Amino acid sequence: MKFVRSVLAILAGFVSMAIPTMGVFAVSAFAFGREVLMPEDQARAPVWFSLGIMVVGLACTMLGGFVCAKVARSWMPVMFFAAIVLVFGIFSAIGNERKPEPGPEVAEMPILEAVAHSKEPTWLAFGNPIVGALGVLLGGRLAIRERIRN
C-alpha cells in the first residue's frame, strides 16, 4: 500500500506542477505576444523573460513537491520525485543543445510553432532542472514541516 501511495503522490505532484506551468507558458505567450517574446532579430526570448520563467518554474515545482509530500506522508517519494525532475530535465537540456540554431523562418511561424522550433539558452536549459529539483525538495520540506507542527 505504501508503494501505491508513493506512486500516486509522485503523479499528483507532477500534475500539480505541470498544469500551472503549461498555463503560465500559454498565457504569457498570448499576453506578451511575438514582438516581446521573440523579436524579429532573434529567435530567443529576452533574458528577463527567461529569468521570470525560472522563478515561475520554481514556484510550480514547489507546489508539486508540496502536493507529493502531502499525499505520500513521507520524505522518500519527494526525493524520488526531485530526482525524476532533475534527470528528465537534464535529458531535455541535452536535447535542446542538439537542436540546430533557429533560422529566419522562425519569424514567420505562429508563436506556439516558433517556440517549438526555438532553442533555449544553455544556462536556462541546464538551470531549469536544478531549480526544479530544488523546488520539489523545498515544497516537500514545507509540507513535512507543516505536518510535524500539527
# chains A, B, ... in the order shown; residues from 1 in each chain; ligands from 1

$ residues_around --residues "stretch 12-27 of chain A" --least-positions-apart "2" --cutoff "10 Å" --atoms "only C-alpha atoms" --output "PyMOL selection string"
chain A and resi 6-10+29-33+53+56-72+77-78+81+84-85+112+132+136+140

$ residues_around --residues "A:Leu51" --least-positions-apart "4" --cutoff "12 Å" --atoms "only C-alpha atoms" --output "PDB file with all heavy atoms, in the first residue's frame"
ATOM      1  N   ALA A  45      13.739  34.269 -26.506  1.00  0.00           N
ATOM      2  CA  ALA A  45      13.070  35.213 -25.615  1.00  0.00           C
ATOM      3  C   ALA A  45      14.120  36.059 -24.905  1.00  0.00           C
ATOM      4  O   ALA A  45      15.256  35.629 -24.716  1.00  0.00           O
ATOM      5  CB  ALA A  45      12.236  34.447 -24.594  1.00  0.00           C
ATOM      6  N   PRO A  46      13.734  37.273 -24.498  1.00  0.00           N
ATOM      7  CA  PRO A  46      14.685  38.113 -23.750  1.00  0.00           C
ATOM      8  C   PRO A  46      15.075  37.478 -22.412  1.00  0.00           C
ATOM      9  O   PRO A  46      14.354  36.649 -21.860  1.00  0.00           O
ATOM     10  CB  PRO A  46      13.907  39.410 -23.516  1.00  0.00           C
ATOM     11  CG  PRO A  46      12.630  39.300 -24.232  1.00  0.00           C
ATOM     12  CD  PRO A  46      12.449  37.906 -24.709  1.00  0.00           C
ATOM     13  N   VAL A  47      16.218  37.890 -21.899  1.00  0.00           N
ATOM     14  CA  VAL A  47      16.738  37.331 -20.641  1.00  0.00           C
ATOM     15  C   VAL A  47      15.749  37.553 -19.497  1.00  0.00           C
ATOM     16  O   VAL A  47      15.546  36.657 -18.680  1.00  0.00           O
ATOM     17  CB  VAL A  47      18.124  37.943 -20.310  1.00  0.00           C
ATOM     18  CG1 VAL A  47      18.600  37.496 -18.937  1.00  0.00           C
ATOM     19  CG2 VAL A  47      19.139  37.560 -21.370  1.00  0.00           C
ATOM     20  N   VAL A  55      11.689  31.624 -12.281  1.00  0.00           N
ATOM     21  CA  VAL A  55      11.029  31.899 -10.995  1.00  0.00           C
ATOM     22  C   VAL A  55       9.669  31.209 -10.939  1.00  0.00           C
ATOM     23  O   VAL A  55       9.310  30.589  -9.933  1.00  0.00           O
ATOM     24  CB  VAL A  55      10.895  33.424 -10.763  1.00  0.00           C
ATOM     25  CG1 VAL A  55      10.006  33.728  -9.580  1.00  0.00           C
ATOM     26  CG2 VAL A  55      12.264  34.045 -10.586  1.00  0.00           C
ATOM     27  N   VAL A  56       8.912  31.299 -12.029  1.00  0.00           N
ATOM     28  CA  VAL A  56       7.610  30.619 -12.087  1.00  0.00           C
ATOM     29  C   VAL A  56       7.810  29.112 -11.982  1.00  0.00           C
ATOM     30  O   VAL A  56       7.054  28.422 -11.286  1.00  0.00           O
ATOM     31  CB  VAL A  56       6.860  30.994 -13.389  1.00  0.00           C
ATOM     32  CG1 VAL A  56       5.664  30.093 -13.617  1.00  0.00           C
ATOM     33  CG2 VAL A  56       6.428  32.453 -13.350  1.00  0.00           C
ATOM     34  N   GLY A  57       8.844  28.604 -12.646  1.00  0.00           N
ATOM     35  CA  GLY A  57       9.147  27.182 -12.557  1.00  0.00           C
ATOM     36  C   GLY A  57       9.455  26.754 -11.129  1.00  0.00           C
ATOM     37  O   GLY A  57       9.035  25.682 -10.686  1.00  0.00           O
ATOM     38  N   LEU A  58      10.183  27.593 -10.408  1.00  0.00           N
ATOM     39  CA  LEU A  58      10.477  27.295  -9.007  1.00  0.00           C
ATOM     40  C   LEU A  58       9.184  27.206  -8.198  1.00  0.00           C
ATOM     41  O   LEU A  58       8.986  26.263  -7.421  1.00  0.00           O
ATOM     42  CB  LEU A  58      11.406  28.358  -8.405  1.00  0.00           C
ATOM     43  CG  LEU A  58      11.710  28.214  -6.923  1.00  0.00           C
ATOM     44  CD1 LEU A  58      12.475  26.923  -6.650  1.00  0.00           C
ATOM     45  CD2 LEU A  58      12.496  29.415  -6.416  1.00  0.00           C
ATOM     46  N   GLU A 120      16.466  27.096 -26.358  1.00  0.00           N
ATOM     47  CA  GLU A 120      16.686  27.818 -25.100  1.00  0.00           C
ATOM     48  C   GLU A 120      18.169  28.114 -24.942  1.00  0.00           C
ATOM     49  O   GLU A 120      19.014  27.339 -25.391  1.00  0.00           O
ATOM     50  CB  GLU A 120      16.242  26.966 -23.912  1.00  0.00           C
ATOM     51  CG  GLU A 120      14.773  26.764 -23.768  1.00  0.00           C
ATOM     52  CD  GLU A 120      14.439  25.918 -22.553  1.00  0.00           C
ATOM     53  OE1 GLU A 120      15.263  25.067 -22.147  1.00  0.00           O
ATOM     54  OE2 GLU A 120      13.356  26.106 -22.008  1.00  0.00           O
ATOM     55  N   PRO A 121      18.502  29.195 -24.252  1.00  0.00           N
ATOM     56  CA  PRO A 121      19.912  29.415 -23.919  1.00  0.00           C
ATOM     57  C   PRO A 121      20.414  28.265 -23.038  1.00  0.00           C
ATOM     58  O   PRO A 121      19.651  27.698 -22.245  1.00  0.00           O
ATOM     59  CB  PRO A 121      19.904  30.731 -23.132  1.00  0.00           C
ATOM     60  CG  PRO A 121      18.575  31.353 -23.373  1.00  0.00           C
ATOM     61  CD  PRO A 121      17.638  30.265 -23.768  1.00  0.00           C
ATOM     62  N   TRP A 123      22.298  28.183 -20.410  1.00  0.00           N
ATOM     63  CA  TRP A 123      22.183  28.409 -18.970  1.00  0.00           C
ATOM     64  C   TRP A 123      20.767  28.118 -18.476  1.00  0.00           C
ATOM     65  O   TRP A 123      20.582  27.598 -17.373  1.00  0.00           O
ATOM     66  CB  TRP A 123      22.611  29.825 -18.585  1.00  0.00           C
ATOM     67  CG  TRP A 123      21.727  30.914 -19.114  1.00  0.00           C
ATOM     68  CD1 TRP A 123      21.889  31.609 -20.279  1.00  0.00           C
ATOM     69  CD2 TRP A 123      20.542  31.446 -18.503  1.00  0.00           C
ATOM     70  NE1 TRP A 123      20.876  32.534 -20.440  1.00  0.00           N
ATOM     71  CE2 TRP A 123      20.041  32.449 -19.359  1.00  0.00           C
ATOM     72  CE3 TRP A 123      19.857  31.168 -17.328  1.00  0.00           C
ATOM     73  CZ2 TRP A 123      18.885  33.179 -19.081  1.00  0.00           C
ATOM     74  CZ3 TRP A 123      18.703  31.889 -17.045  1.00  0.00           C
ATOM     75  CH2 TRP A 123      18.242  32.878 -17.919  1.00  0.00           C
ATOM     76  N   LEU A 124      19.763  28.415 -19.295  1.00  0.00           N
ATOM     77  CA  LEU A 124      18.376  28.167 -18.904  1.00  0.00           C
ATOM     78  C   LEU A 124      18.042  26.681 -19.016  1.00  0.00           C
ATOM     79  O   LEU A 124      17.405  26.115 -18.130  1.00  0.00           O
ATOM     80  CB  LEU A 124      17.424  28.993 -19.773  1.00  0.00           C
ATOM     81  CG  LEU A 124      15.940  28.862 -19.474  1.00  0.00           C
ATOM     82  CD1 LEU A 124      15.637  29.373 -18.069  1.00  0.00           C
ATOM     83  CD2 LEU A 124      15.122  29.630 -20.505  1.00  0.00           C
ATOM     84  N   ALA A 125      18.489  26.051 -20.094  1.00  0.00           N
ATOM     85  CA  ALA A 125      18.188  24.638 -20.317  1.00  0.00           C
ATOM     86  C   ALA A 125      18.750  23.763 -19.201  1.00  0.00           C
ATOM     87  O   ALA A 125      18.098  22.820 -18.757  1.00  0.00           O
ATOM     88  CB  ALA A 125      18.738  24.194 -21.667  1.00  0.00           C
ATOM     89  N   GLY A 127      19.845  25.073 -16.180  1.00  0.00           N
ATOM     90  CA  GLY A 127      19.472  25.652 -14.894  1.00  0.00           C
ATOM     91  C   GLY A 127      18.094  25.221 -14.430  1.00  0.00           C
ATOM     92  O   GLY A 127      17.865  25.013 -13.234  1.00  0.00           O
ATOM     93  N   ASN A 128      17.160  25.073 -15.374  1.00  0.00           N
ATOM     94  CA  ASN A 128      15.793  24.695 -15.018  1.00  0.00           C
ATOM     95  C   ASN A 128      15.696  23.362 -14.278  1.00  0.00           C
ATOM     96  O   ASN A 128      14.957  23.274 -13.295  1.00  0.00           O
ATOM     97  CB  ASN A 128      14.888  24.694 -16.250  1.00  0.00           C
ATOM     98  CG  ASN A 128      14.273  26.045 -16.499  1.00  0.00           C
ATOM     99  OD1 ASN A 128      14.108  26.857 -15.592  1.00  0.00           O
ATOM    100  ND2 ASN A 128      13.927  26.304 -17.744  1.00  0.00           N
ATOM    101  N   VAL A 131      16.915  24.019 -10.669  1.00  0.00           N
ATOM    102  CA  VAL A 131      15.923  24.816  -9.938  1.00  0.00           C
ATOM    103  C   VAL A 131      14.678  23.975  -9.669  1.00  0.00           C
ATOM    104  O   VAL A 131      14.095  24.034  -8.581  1.00  0.00           O
ATOM    105  CB  VAL A 131      15.579  26.107 -10.723  1.00  0.00           C
ATOM    106  CG1 VAL A 131      14.371  26.804 -10.150  1.00  0.00           C
ATOM    107  CG2 VAL A 131      16.782  27.043 -10.734  1.00  0.00           C
TER     108      VAL A 131
END

$ closest_residue --among "A:Ala114, A:Met1, A:Arg44, A:Lys119" --to "A:Pro100" --atoms "only C-alpha atoms"
A:Lys119

$ atom_distance --atom1 "atom CA of A:Met38" --atom2 "atom CA of A:Thr122"
17.0 Å

$ select_by_dssp --residues "stretch 44-150 of chain A" --states "helix (DSSP H, G or I)" --output "JSON, numbers by chain"
{"A": [47, 48, 49, 50, 51, 52, 53, 54, 55, 56, 57, 58, 59, 60, 61, 62, 63, 64, 65, 66, 67, 68, 69, 70, 71, 72, 76, 77, 78, 79, 80, 81, 82, 83, 84, 85, 86, 87, 88, 89, 90, 91, 92, 93, 94, 95, 96, 97, 98, 104, 105, 106, 107, 108, 111, 112, 113, 114, 115, 116, 117, 122, 123, 124, 125, 126, 127, 128, 129, 130, 131, 132, 133, 134, 135, 136, 137, 138, 139, 140, 141, 142, 143, 144, 145, 146, 147, 148, 149]}

$ decode --residues "stretch 55-104 of chain A" --atoms "N, CA and C atoms" --output "tab-separated table (two decimals), in the first residue's frame"
chain	number	residue	atom	x	y	z
A	55	VAL	N	11.69	31.62	-12.28
A	55	VAL	CA	11.03	31.90	-10.99
A	55	VAL	C	9.67	31.21	-10.94
A	56	VAL	N	8.91	31.30	-12.03
A	56	VAL	CA	7.61	30.62	-12.09
A	56	VAL	C	7.81	29.11	-11.98
A	57	GLY	N	8.84	28.60	-12.65
A	57	GLY	CA	9.15	27.18	-12.56
A	57	GLY	C	9.45	26.75	-11.13
A	58	LEU	N	10.18	27.59	-10.41
A	58	LEU	CA	10.48	27.29	-9.01
A	58	LEU	C	9.18	27.21	-8.20
A	59	ALA	N	8.29	28.16	-8.40
A	59	ALA	CA	7.02	28.15	-7.66
A	59	ALA	C	6.19	26.91	-8.01
A	60	CYS	N	6.14	26.56	-9.28
A	60	CYS	CA	5.35	25.39	-9.70
A	60	CYS	C	5.95	24.09	-9.19
A	61	THR	N	7.26	23.98	-9.19
A	61	THR	CA	7.87	22.75	-8.67
A	61	THR	C	7.74	22.67	-7.15
A	62	MET	N	7.75	23.81	-6.48
A	62	MET	CA	7.50	23.80	-5.05
A	62	MET	C	6.08	23.28	-4.77
A	63	LEU	N	5.13	23.71	-5.58
A	63	LEU	CA	3.75	23.22	-5.43
A	63	LEU	C	3.72	21.70	-5.65
A	64	GLY	N	4.42	21.24	-6.69
A	64	GLY	CA	4.47	19.80	-6.95
A	64	GLY	C	5.07	19.02	-5.80
A	65	GLY	N	6.16	19.52	-5.23
A	65	GLY	CA	6.79	18.86	-4.08
A	65	GLY	C	5.89	18.87	-2.86
A	66	PHE	N	5.18	19.99	-2.67
A	66	PHE	CA	4.26	20.10	-1.53
A	66	PHE	C	3.15	19.07	-1.65
A	67	VAL	N	2.54	18.98	-2.83
A	67	VAL	CA	1.45	18.02	-3.04
A	67	VAL	C	1.96	16.59	-2.90
A	68	CYS	N	3.13	16.32	-3.46
A	68	CYS	CA	3.71	14.99	-3.36
A	68	CYS	C	3.90	14.59	-1.89
A	69	ALA	N	4.44	15.49	-1.09
A	69	ALA	CA	4.67	15.19	0.33
A	69	ALA	C	3.36	15.02	1.08
A	70	LYS	N	2.37	15.82	0.77
A	70	LYS	CA	1.07	15.71	1.44
A	70	LYS	C	0.41	14.36	1.16
A	71	VAL	N	0.47	13.94	-0.12
A	71	VAL	CA	-0.16	12.67	-0.47
A	71	VAL	C	0.65	11.50	0.08
A	72	ALA	N	1.97	11.56	-0.03
A	72	ALA	CA	2.83	10.44	0.38
A	72	ALA	C	2.93	10.31	1.89
A	73	ARG	N	2.88	11.43	2.57
A	73	ARG	CA	3.06	11.46	4.03
A	73	ARG	C	4.45	10.98	4.44
A	74	SER	N	5.41	11.11	3.51
A	74	SER	CA	6.79	10.77	3.85
A	74	SER	C	7.73	11.50	2.90
A	75	TRP	N	9.00	11.47	3.24
A	75	TRP	CA	10.01	12.24	2.52
A	75	TRP	C	10.57	11.51	1.30
A	76	MET	N	10.63	10.18	1.33
A	76	MET	CA	11.28	9.41	0.28
A	76	MET	C	10.66	9.65	-1.11
A	77	PRO	N	9.34	9.65	-1.28
A	77	PRO	CA	8.79	9.93	-2.60
A	77	PRO	C	9.13	11.33	-3.11
A	78	VAL	N	9.26	12.28	-2.20
A	78	VAL	CA	9.64	13.64	-2.59
A	78	VAL	C	11.05	13.63	-3.17
A	79	MET	N	11.95	12.92	-2.53
A	79	MET	CA	13.33	12.84	-3.04
A	79	MET	C	13.35	12.14	-4.40
A	80	PHE	N	12.57	11.09	-4.54
A	80	PHE	CA	12.50	10.37	-5.81
A	80	PHE	C	11.92	11.28	-6.89
A	81	PHE	N	10.88	12.04	-6.56
A	81	PHE	CA	10.27	12.98	-7.50
A	81	PHE	C	11.28	14.04	-7.92
A	82	ALA	N	12.05	14.56	-6.98
A	82	ALA	CA	13.08	15.56	-7.30
A	82	ALA	C	14.12	14.97	-8.24
A	83	ALA	N	14.49	13.72	-8.01
A	83	ALA	CA	15.46	13.04	-8.89
A	83	ALA	C	14.89	12.87	-10.29
A	84	ILE	N	13.61	12.54	-10.38
A	84	ILE	CA	12.97	12.41	-11.69
A	84	ILE	C	12.98	13.75	-12.43
A	85	VAL	N	12.63	14.82	-11.73
A	85	VAL	CA	12.63	16.16	-12.33
A	85	VAL	C	14.03	16.51	-12.82
A	86	LEU	N	15.04	16.23	-12.02
A	86	LEU	CA	16.42	16.54	-12.39
A	86	LEU	C	16.87	15.72	-13.60
A	87	VAL	N	16.66	14.43	-13.58
A	87	VAL	CA	17.14	13.56	-14.66
A	87	VAL	C	16.43	13.87	-15.98
A	88	PHE	N	15.10	13.95	-15.94
A	88	PHE	CA	14.38	14.25	-17.18
A	88	PHE	C	14.69	15.66	-17.67
A	89	GLY	N	14.91	16.59	-16.75
A	89	GLY	CA	15.29	17.94	-17.15
A	89	GLY	C	16.64	17.98	-17.83
A	90	ILE	N	17.58	17.20	-17.33
A	90	ILE	CA	18.91	17.15	-17.96
A	90	ILE	C	18.82	16.53	-19.35
A	91	PHE	N	18.02	15.46	-19.47
A	91	PHE	CA	17.82	14.87	-20.81
A	91	PHE	C	17.20	15.89	-21.77
A	92	SER	N	16.25	16.66	-21.27
A	92	SER	CA	15.63	17.70	-22.10
A	92	SER	C	16.65	18.77	-22.49
A	93	ALA	N	17.51	19.14	-21.56
A	93	ALA	CA	18.55	20.14	-21.85
A	93	ALA	C	19.53	19.62	-22.89
A	94	ILE	N	19.89	18.36	-22.80
A	94	ILE	CA	20.79	17.77	-23.80
A	94	ILE	C	20.11	17.77	-25.17
A	95	GLY	N	18.83	17.44	-25.20
A	95	GLY	CA	18.08	17.50	-26.45
A	95	GLY	C	18.02	18.91	-27.00
A	96	ASN	N	17.87	19.89	-26.12
A	96	ASN	CA	17.85	21.29	-26.54
A	96	ASN	C	19.19	21.68	-27.17
A	97	GLU	N	20.27	21.20	-26.57
A	97	GLU	CA	21.60	21.53	-27.10
A	97	GLU	C	21.84	20.92	-28.47
A	98	ARG	N	21.18	19.83	-28.76
A	98	ARG	CA	21.35	19.17	-30.06
A	98	ARG	C	20.51	19.80	-31.16
A	99	LYS	N	19.58	20.67	-30.77
A	99	LYS	CA	18.75	21.35	-31.77
A	99	LYS	C	19.62	22.29	-32.61
A	100	PRO	N	19.30	22.43	-33.89
A	100	PRO	CA	20.03	23.42	-34.69
A	100	PRO	C	19.61	24.83	-34.28
A	101	GLU	N	20.48	25.77	-34.52
A	101	GLU	CA	20.12	27.17	-34.26
A	101	GLU	C	18.95	27.55	-35.16
A	102	PRO	N	17.93	28.20	-34.62
A	102	PRO	CA	16.78	28.56	-35.44
A	102	PRO	C	17.16	29.59	-36.50
A	103	GLY	N	16.57	29.44	-37.63
A	103	GLY	CA	16.85	30.35	-38.74
A	103	GLY	C	15.81	31.45	-38.84
A	104	PRO	N	15.90	32.26	-39.89
A	104	PRO	CA	14.98	33.38	-40.05
A	104	PRO	C	13.53	32.95	-40.29
